[in-house]
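Remarks on the structure that follows.
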Amino acid sequence: MQTAHPRGGVDYPRSTGEFQSWFSTDEDCLNYLDWLRWPQGFVCPRCENPGGWLVADGSYKCSMCKAQTAVTAGTLFDRRRSPLTVWFAACWMFASQKDGVSALSLQRSLEIGSYPTAWAMLHRLRTVLVRPGRDRLTGIVEVDETYFGGEEPGLRGGRAKGKKALVAVAVERKEPHGYGRCRMAVVRDGSAESLQAFVSDSVELGATVVTDGWPSYVGVTRLGYVHEPHSQRAAAASGEDVGALLPGVHRVASLAKRWMLGTHQGRYDAAHLQSYLNEFAFRFNRRRSTSRGLVFYRVLELAIAHDPVRYRQLIANPKPKKVPPLPPERRGHPPSLDRPAANRPWRAAR
């Protein structure tokens, strides 16, 4: 793993111009992944021997067990079909744009031959955003639920079950004002089992959990939390602003829904909703980052430490829908961005 405080211009590019100059070839990209994975030199993943040498195809051969390992083997980039320059450009767009990028936009920008390929690239990146063993929320934490999926005719309000997905939201409340990190998760229902499991997974023991008066939250005290319930019915009866009881979760839920509508046009499969929520939480928790290049660095750092993700693991239906055949000039894998200079075609054409 790299230093906890990477330096801009040394460990990661600070701008798009610097990104283009750093990673203009596939070899540059592979060298960067090599450094990210083994900053102190090659370590064999099979026998953990710290020593080996490069062979002609760019992989390493262990000096102890003689096993041969590619730099990308066992990572998110394992057995990739798209060139590394395309992957790095996708990572840069994913990380540097404040609201992210849609699969259609990525496909058009990088000349990717099919929408499913662009979609799978982005979903692979979303897969790595949840770091194993990440710190849970601390201090004062607001917890509530909301529905994703729009209005359903004939469905009453509240926590009524329908086709929409119920999402639990937790947000750190900072004093005297402001909010810290958030967590979001699709839950099966509004039962005590589902909601208390979400609290246990998302909030550090001993924290103060602020909720509304829903009975499913009553048992969080027995789990080791300080529970602070606020009755919306009592607040409304006394003329108080009900929306002010849990302002943090309401704001985060509203921002997440607006982001889904803006970047993704509100179109997503319910089976993949958790992946989009992970991406939103990742962006929200880094909203104060002063460098998008640092976010790019963190995404690649997570990707090189993640197990491979195959296409069949991503799709909700094991038999993907047939897509119309592409014209011959657009078939195949996306072209590498490692290309010779175009010699000013705008002048040569005249």
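Every chain in the structure tokens takes a letter, A first, then B, and so on in the order presented; its residues are numbered from 1, and the ligands are numbered from 1 following the presented order.
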Spatial neighbours of Asn31 (chain A), 12 Å, only C-alpha atoms, chain gap at least 4 places, as a ChimeraX atom specification: /A:22-27,35-39,41,54,58-59,70-72,84-85
Just to be explicit: take each residue in the selection above, keep N, CA and C atoms, and write the result as a compact mmCIF listing (two decimals), in the first residue's frame.
```
# COMPACT_ATOMS: atom_id res chain seq x y z
N TRP A 22 1.23 12.12 -18.25
CA TRP A 22 1.71 10.98 -17.48
C TRP A 22 1.36 9.65 -18.14
N PHE A 23 0.14 9.55 -18.68
CA PHE A 23 -0.38 8.26 -19.13
C PHE A 23 -0.73 8.28 -20.62
N SER A 24 0.23 8.65 -21.42
CA SER A 24 0.00 8.73 -22.86
C SER A 24 0.15 7.39 -23.56
N THR A 25 0.73 6.39 -22.90
CA THR A 25 0.90 5.07 -23.49
C THR A 25 0.41 3.99 -22.54
N ASP A 26 0.14 2.81 -23.09
CA ASP A 26 -0.26 1.67 -22.27
C ASP A 26 0.87 1.25 -21.34
N GLU A 27 2.10 1.43 -21.79
CA GLU A 27 3.25 1.09 -20.95
C GLU A 27 3.32 1.98 -19.71
N TRP A 35 3.79 0.16 -9.75
CA TRP A 35 4.22 0.93 -8.58
C TRP A 35 3.16 0.94 -7.49
N LEU A 36 1.89 1.05 -7.87
CA LEU A 36 0.81 1.05 -6.88
C LEU A 36 0.74 -0.29 -6.15
N ARG A 37 0.92 -1.37 -6.90
CA ARG A 37 0.76 -2.70 -6.31
C ARG A 37 1.98 -3.10 -5.48
N TRP A 38 3.17 -2.79 -5.98
CA TRP A 38 4.40 -3.18 -5.29
C TRP A 38 5.33 -1.97 -5.16
N PRO A 39 5.01 -1.02 -4.28
CA PRO A 39 5.81 0.20 -4.17
C PRO A 39 7.25 -0.06 -3.72
N GLY A 41 8.88 -2.86 -4.54
CA GLY A 41 9.41 -3.92 -5.39
C GLY A 41 8.50 -5.13 -5.38
N LEU A 54 11.75 -9.06 -14.24
CA LEU A 54 10.82 -8.86 -15.35
C LEU A 54 11.17 -9.77 -16.50
N GLY A 58 6.42 -8.45 -19.88
CA GLY A 58 6.06 -7.44 -18.90
C GLY A 58 5.63 -8.00 -17.56
N SER A 59 5.58 -9.32 -17.41
CA SER A 59 5.22 -9.93 -16.14
C SER A 59 6.47 -10.18 -15.31
N ALA A 70 1.56 -11.57 -13.86
CA ALA A 70 1.36 -10.30 -14.55
C ALA A 70 1.02 -9.23 -13.52
N VAL A 71 1.35 -7.98 -13.83
CA VAL A 71 1.08 -6.87 -12.91
C VAL A 71 -0.40 -6.79 -12.59
N THR A 72 -1.26 -7.06 -13.57
CA THR A 72 -2.71 -6.91 -13.38
C THR A 72 -3.39 -8.21 -12.93
N LEU A 84 -5.19 -0.40 -21.45
CA LEU A 84 -5.06 0.29 -20.18
C LEU A 84 -5.25 1.80 -20.32
N THR A 85 -4.87 2.36 -21.46
CA THR A 85 -5.10 3.80 -21.64
C THR A 85 -6.59 4.12 -21.61
```
Non-local contacts of Met93 (chain A) (12 Å; only C-alpha atoms; under 2 positions in same chain excluded) as a PyMOL selection string: chain A and resi 15-16+19+86-91+95-103+105-107+109-110+121-122+125+292-293+295-296+299
Same residues, C-alpha atoms, saved as a PDB file, in the first residue's frame:
```pdb
ATOM      1  CA  SER A  15      -4.925  18.173 -13.674  1.00  0.00           C
ATOM      2  CA  THR A  16      -6.200  16.755 -16.956  1.00  0.00           C
ATOM      3  CA  PHE A  19      -2.904  13.147 -16.556  1.00  0.00           C
ATOM      4  CA  VAL A  86      -8.858   3.426 -22.096  1.00  0.00           C
ATOM      5  CA  TRP A  87      -9.242   2.098 -18.545  1.00  0.00           C
ATOM      6  CA  PHE A  88      -7.215   4.974 -17.115  1.00  0.00           C
ATOM      7  CA  ALA A  89      -9.206   7.534 -19.105  1.00  0.00           C
ATOM      8  CA  ALA A  90     -12.421   5.953 -17.783  1.00  0.00           C
ATOM      9  CA  CYS A  91     -11.065   6.112 -14.210  1.00  0.00           C
ATOM     10  CA  ALA A  95     -13.121  10.400 -10.522  1.00  0.00           C
ATOM     11  CA  SER A  96     -12.538  13.915 -11.841  1.00  0.00           C
ATOM     12  CA  GLN A  97     -16.084  14.823 -12.837  1.00  0.00           C
ATOM     13  CA  LYS A  98     -18.009  15.979  -9.779  1.00  0.00           C
ATOM     14  CA  ASP A  99     -21.188  14.074 -10.643  1.00  0.00           C
ATOM     15  CA  GLY A 100     -19.515  11.122 -12.304  1.00  0.00           C
ATOM     16  CA  VAL A 101     -20.194   9.878 -15.813  1.00  0.00           C
ATOM     17  CA  SER A 102     -22.896   7.770 -17.424  1.00  0.00           C
ATOM     18  CA  ALA A 103     -22.153   4.660 -19.462  1.00  0.00           C
ATOM     19  CA  SER A 105     -21.236   9.325 -22.184  1.00  0.00           C
ATOM     20  CA  LEU A 106     -18.245   7.089 -21.505  1.00  0.00           C
ATOM     21  CA  GLN A 107     -18.979   5.007 -24.594  1.00  0.00           C
ATOM     22  CA  SER A 109     -16.064   9.786 -25.328  1.00  0.00           C
ATOM     23  CA  LEU A 110     -13.717   6.787 -25.528  1.00  0.00           C
ATOM     24  CA  MET A 121     -16.397  -0.806 -16.900  1.00  0.00           C
ATOM     25  CA  LEU A 122     -18.243   1.657 -14.670  1.00  0.00           C
ATOM     26  CA  LEU A 125     -15.216   0.618 -10.719  1.00  0.00           C
ATOM     27  CA  ARG A 292      -9.833  15.294  -8.086  1.00  0.00           C
ATOM     28  CA  GLY A 293      -6.498  13.693  -8.948  1.00  0.00           C
ATOM     29  CA  VAL A 295      -9.791  10.744  -5.895  1.00  0.00           C
ATOM     30  CA  PHE A 296      -8.426   9.163  -9.108  1.00  0.00           C
ATOM     31  CA  VAL A 299      -9.957   4.614  -7.079  1.00  0.00           C
TER      32      VAL A 299
END
```
Neighbours of Leu255 (chain A) within 12 Å (only C-alpha atoms; same-chain residues fewer than 6 positions away dropped), as a short mmCIF file (atom, residue, chain, number, x, y, z; two decimals) with N, CA and C atoms, in the first residue's frame?
```cif
data_model
loop_
_atom_site.label_atom_id
_atom_site.label_comp_id
_atom_site.auth_asym_id
_atom_site.auth_seq_id
_atom_site.Cartn_x
_atom_site.Cartn_y
_atom_site.Cartn_z
N ASP A 99 -20.00 14.92 -10.70
CA ASP A 99 -21.19 14.07 -10.64
C ASP A 99 -20.99 12.74 -11.34
N VAL A 169 -30.55 5.21 5.34
CA VAL A 169 -29.54 6.27 5.22
C VAL A 169 -29.04 6.63 6.61
N CYS A 182 -21.50 9.63 5.16
CA CYS A 182 -22.82 8.98 5.08
C CYS A 182 -22.64 7.52 4.69
N GLY A 248 -30.20 15.93 8.21
CA GLY A 248 -29.06 15.34 7.50
C GLY A 248 -29.45 14.25 6.53
N VAL A 249 -30.23 13.26 7.01
CA VAL A 249 -30.62 12.16 6.14
C VAL A 249 -31.55 12.64 5.03
N LEU A 261 -31.13 11.23 -11.02
CA LEU A 261 -31.89 11.82 -12.13
C LEU A 261 -31.00 12.59 -13.09
N GLY A 262 -29.99 13.28 -12.53
CA GLY A 262 -29.14 14.11 -13.38
C GLY A 262 -28.13 13.31 -14.18
N THR A 263 -27.28 12.53 -13.51
CA THR A 263 -26.22 11.79 -14.19
C THR A 263 -26.74 10.57 -14.94
N LEU A 277 -25.66 3.58 -5.11
CA LEU A 277 -25.62 4.20 -3.78
C LEU A 277 -24.20 4.23 -3.24
N PHE A 280 -22.48 7.10 -4.93
CA PHE A 280 -22.89 8.40 -4.37
C PHE A 280 -22.24 8.64 -3.01
N ALA A 281 -22.25 7.63 -2.14
CA ALA A 281 -21.65 7.79 -0.81
C ALA A 281 -20.15 8.06 -0.93
N ARG A 283 -18.63 9.61 -3.35
CA ARG A 283 -18.46 11.00 -3.78
C ARG A 283 -18.82 11.97 -2.66
N PHE A 284 -19.92 11.70 -1.96
CA PHE A 284 -20.35 12.59 -0.89
C PHE A 284 -19.29 12.66 0.21
#
```
Sel. of strand (DSSP E) residues, region 111-273 of chain A, as a PyMOL selection string: chain A and resi 140-148+165-173+179-187+208-212+226-230
